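Structure, as structure tokens:
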Amino acid sequence: MRLSFAGIAITAILLSQPAVAEPLQTTPLSIEAIAEQPAFASVALSPDGKHLAALVASPKYKWPVITIWEVENLAKQPVGIPSDEMRPRSVSFLGNDHVLFLADQPLDYTDENSAGTTRTFTVQAIISDLQGKKFDQPFAVRGTMDDYAKNQQRRGVNYDILQDGNLKDPNQYLVRVTNLSNFTSAVYNLDAATLAISIRARAGTKDIGDMRASEEFLTADVRDGELMVKESLRSGGDGYQVVRYVRNRATGSWEEHPELGYPIKQRYTVAPLGFFDADPNKLYVSTNRNSNFAQIRIYDVAKRTWESEPAFASPEFDISDVDGLYDRETKSLAGARSYTIEAPARKVVFVDDYWAPIQRTLETQFRGNNVSITGTNKKLGRAIVTVSGPRQPPVYYILMNGRELKMIGKSRPNMNEKTFGDTKYVTYKARDGMVIPGLLTLPAGYDKTRHGRIPLVVLPHGGPWARDYIGWDSSGWPQFLSTRGYGILQPQYRGSEGWGMALWKAGDKEWGQKMSDDNDDAAAWLVSEGIADPRRIAIFGYSYGGFAAIAASVRPNSPFKCAIAGAGVADLQRLGNLWGANPIQKEVQGWTVDGMDPLKNADKGSIPIMLYHGDRDTQAATVHSRLFYSAMKSAGKDIEYHEIKNMWHQLPWWPEWHRETLGYIENYLGGPKCFGGAKPN
């Protein structure tokens with residue numbers, strides 16, 4: 001027998017199986033264990049180290065309860081702030097006396113720009129005192145607004161925190177607010193103790209080309225909260241330019257620094273991070289303008305020069321962020337305390353004398369897992385420590401006195417981590433020779449010499465300008481599938497962000513073409529490794545990953561037996577028009593959306609496909625799945641479609657959506673359309 005796909009002929013490899021493969025014993029992770037609300041989530045420590053907050057699931061309430069403890073007396077009954085109408089999705093401290101939480105709920109609205117009623121969700125930001133008795137939304141736009149602005153405000157949050165305190169006054173937060181009527185922005189001072197607000201600066205606006213754009217404040221000095229960096233856009237013969245200005249400390253005037261700007265179409269990373277050095281002229285910047293991967297470079301704003309060597313760099317991965325090392329008592333800065341490396345497992349690396357040794361000790365104690373240290377308070381030696389990994393749902397601890405760990409809670413106490421497969425970083429070559437990164441998860445206990453070949457699910461991520469990390473996947477998909485005996489390969493196909501500029505830009509205008517070749521070649525590689533059974537390979541993806549699955553169903557010579565597409569895009573022309581409607585978005589990304597349009601190729605459908613899509617999805621509009629289903633049906637192709645009531649696009653999903661979609665996925669993969677109903681083992 002001779003089979004061929006993805007340019008690779010396979011003959012003898014099918015004969016390399018053991019005569020009788022030993023059955024692979026797995027313990028399926030239950031749908032309910034994934035779908036239920038996490039028992040603990042979003043754990044935070046107040047800046048003074050005296051209070052702890054988290055979202056805690058309770059059988060008494062539908063939604064997680066915002067819960068606040070006194071750290072010195074964790075056994076004391078905590079304060080609980082339940083919500084009946086809105087689901088809290090995160091909680092954090094705003095100073096020492098308040099918590100800020102985001103909550104979501106369904107929203108139906110109409111306006112003059114809509115053909116009918118739009119069904120979506122709203123996310124609102126609410127501030128509460130620590131007793132849960134007083135609530136406020138200080139940055140909600142009040143007064144006269146047009147209908148469009150009113151609807152925009154109902155749809156979501158219109159502000160973000162630019163700086164959470166400074167050395168001069170830790171209660172003075174800088175909050176960037178967008179005016180929803182005209183999309184101009186302003187920066188306000190928010191006193192985290194009293195919630196008093198005052199205007200700090202308003203961004204100017206100007207006409208650029210055929211649109212009006214607002215300036216944006218980017219960075220403030222942590223010494224005193226002085227706004228230091230802002231940006232605007234400029235149009236010219238070669239397109240739009242990102243223009244950056246830095247405040248002259250002597251005169252107070254804003255001066256353009258071309259060294260910090262770039263043509264928007266080139267998509268460089270030039271991200272001003274802050275002034276963390278004793279020398280107030282040294283600006284830390286994450287940039288990849290002169291390298292494939294982002295590095296931390298130091299720019300002298302007075303001399304307008306870069307230091308000759310990067311402060312932090314990696315030959316393989318981006319360095320994306322830096323946190324400053326400062327002393328609140330002496331109000332002094334001493335450079336970087338930590339940096340963030342975008343490795344297969346993202347990691348914040350401490351480099352200071354206090355937290356770096358603690359990090360090394362904890363990583364030794366929890367070897368094999370990711371250890372995250374957040375909410376640090378050096379004076380008390382306190383921090384939140386989160387331990388997680390591909391086989392370990394997050395477990396939360398509080399560090400006391402710099403040495404004692406107390407467990408706060410497990411996010412998923414009903415899961416048995418011993419039944420989970422591990423995930424490792426791999427690379428493979430695409431048919432044109434480009435090296436593609438990937439994450440491979442195999443069932444617990446799998447040994448190819450004993451168990452032979454197993455079915456494979458290729459799981460491309462969304463975006464496409466995104467990436468996967470080695471860690472606990474909050475969707476639950478890798479372990480849901482691996483505990484059912486499937487191998488899971490997550491290709492970081494060309495067009496994926498965060499694996500270097502070369503791989504990222506190689507995806508431009510290659511939708512359904514070379515980007516999809518990388519998914520096919522991932523399957524071919526795992527077959528050549530003796531792991532995947534070429535007769536039992538499926539592709540499953542969500543959002544852009546859903547597009548990849550839809551594209552796979554109409555591409556020739558597919559290696560896949562079947563496809564599953566969640567919230568997928570199918571009409572490439574429609575998406576391109578949407579992303580091209582705004583001239584800035586068009587120049588940044590809209591022009592890259594080109595390639596093979598699945599909707600126009602429905603007559604070429606060659607494998608069965610299942611679609612599912614939420615009916616409140618406005619990010620990847622539900623109409624894409626409806627149109628593709630209709631086109632495939634009209635062409636006589638094998639397709640089924642499930643529309644999920646009230647479901648929106650992004651995580652975190654509600655339990656009922658998870659239960660329904662996981663059921664469809666399990667039944668389709670295990671049914672006759674995919675692997676003939678044969679069990680993975």
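Every chain in the structure tokens has a letter given in the order shown (A, B, ...), and although residue numbers restart at 1 in each chain, ligands are simply numbered from 1 in the order shown.
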
Write out as JSON, numbers by chain which residues come within 10 Å of segment 392-395 of chain A when counting only C-alpha atoms, dropping same-chain ones fewer than 2 positions away. {"A": [38, 40, 41, 368, 369, 370, 371, 385, 386, 387, 388, 389, 390, 397, 407, 408, 409, 410, 411, 412, 413, 415, 416, 417, 418, 420, 422, 471, 472, 473, 474, 476]}

Please identify all polymer residues within 7 Å of Tyr173 of chain A, counting only C-alpha atoms, omitting same-chain residues fewer than 4 positions from it, and present them as a PyMOL selection string. chain A and resi 163-165+189-192

Keeping only all heavy atoms, write the selected residues to a file as a compact mmCIF listing (two decimals), in the first residue's frame.
# COMPACT_ATOMS: atom_id res chain seq x y z
N GLN A 163 -0.61 53.72 34.70
CA GLN A 163 0.41 53.55 35.74
C GLN A 163 -0.27 53.37 37.09
O GLN A 163 -1.17 54.13 37.45
CB GLN A 163 1.34 54.76 35.80
CG GLN A 163 2.51 54.60 36.77
CD GLN A 163 3.39 55.84 36.79
OE1 GLN A 163 3.06 56.84 37.41
NE2 GLN A 163 4.51 55.78 36.08
N ASP A 164 0.13 52.34 37.84
CA ASP A 164 -0.49 52.05 39.13
C ASP A 164 0.36 52.61 40.26
O ASP A 164 1.03 51.88 40.99
CB ASP A 164 -0.75 50.56 39.30
CG ASP A 164 0.50 49.73 39.12
OD1 ASP A 164 1.54 50.27 38.66
OD2 ASP A 164 0.46 48.54 39.44
N GLY A 165 0.31 53.92 40.42
CA GLY A 165 1.05 54.57 41.48
C GLY A 165 2.45 54.95 41.05
O GLY A 165 2.96 54.50 40.02
N ASN A 189 -5.84 61.53 36.78
CA ASN A 189 -5.33 61.05 38.06
C ASN A 189 -6.49 60.41 38.82
O ASN A 189 -7.58 60.99 38.90
CB ASN A 189 -4.78 62.20 38.91
CG ASN A 189 -3.35 62.55 38.55
OD1 ASN A 189 -2.61 61.73 38.03
ND2 ASN A 189 -2.97 63.78 38.83
N LEU A 190 -6.26 59.23 39.35
CA LEU A 190 -7.23 58.58 40.22
C LEU A 190 -6.56 58.32 41.55
O LEU A 190 -5.52 57.64 41.61
CB LEU A 190 -7.71 57.26 39.61
CG LEU A 190 -8.49 56.33 40.54
CD1 LEU A 190 -9.82 56.96 40.94
CD2 LEU A 190 -8.72 54.98 39.90
N ASP A 191 -7.11 58.87 42.61
CA ASP A 191 -6.60 58.59 43.95
C ASP A 191 -7.18 57.25 44.39
O ASP A 191 -8.39 57.13 44.61
CB ASP A 191 -7.00 59.70 44.92
CG ASP A 191 -6.30 59.57 46.27
OD1 ASP A 191 -6.42 58.49 46.89
OD2 ASP A 191 -5.66 60.54 46.70
N ALA A 192 -6.32 56.24 44.51
CA ALA A 192 -6.80 54.89 44.82
C ALA A 192 -7.39 54.78 46.22
O ALA A 192 -8.12 53.83 46.50
CB ALA A 192 -5.65 53.90 44.66

Which residue is closest to Gly49 of chain A? Choose from A:Gly512, A:Gly375, A:Pro315, A:Gly568 and count only C-alpha atoms. A:Gly375

Could you tell me which of A:Trp591, A:Trp653, A:Phe135, A:Phe480 comes closest to His98 of chain A if we count only C-alpha atoms?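 Closest to His98 of chain A of all the choices is A:Phe135.
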
Nearest residue to Val426 of chain A from the set A:Ala383, A:Gly545, A:Asp533, A:Pro491 (distances using only C-alpha atoms):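 Nearest to Val426 of chain A: A:Pro491.
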
Hey, which of A:Ser543, A:Thr330, A:Ser320, A:Asn292 ends up closest to Leu273 of chain A? Count only C-alpha atoms.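 The shortest atom-to-atom distance to Leu273 of chain A comes from A:Ser320.
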
Give me, as a list in words, all polymer residues having an atom no more than 10 Å from segment 132-134 of chain A, counting only C-alpha atoms and skipping those fewer than 5 positions away in the same chain.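 Near segment 132-134 of chain A, the qualifying residues are Ile66, Thr67, Ile68, Val79, Gly80, Ile81, Pro82, His98, Val99 and Ile127 of chain A.
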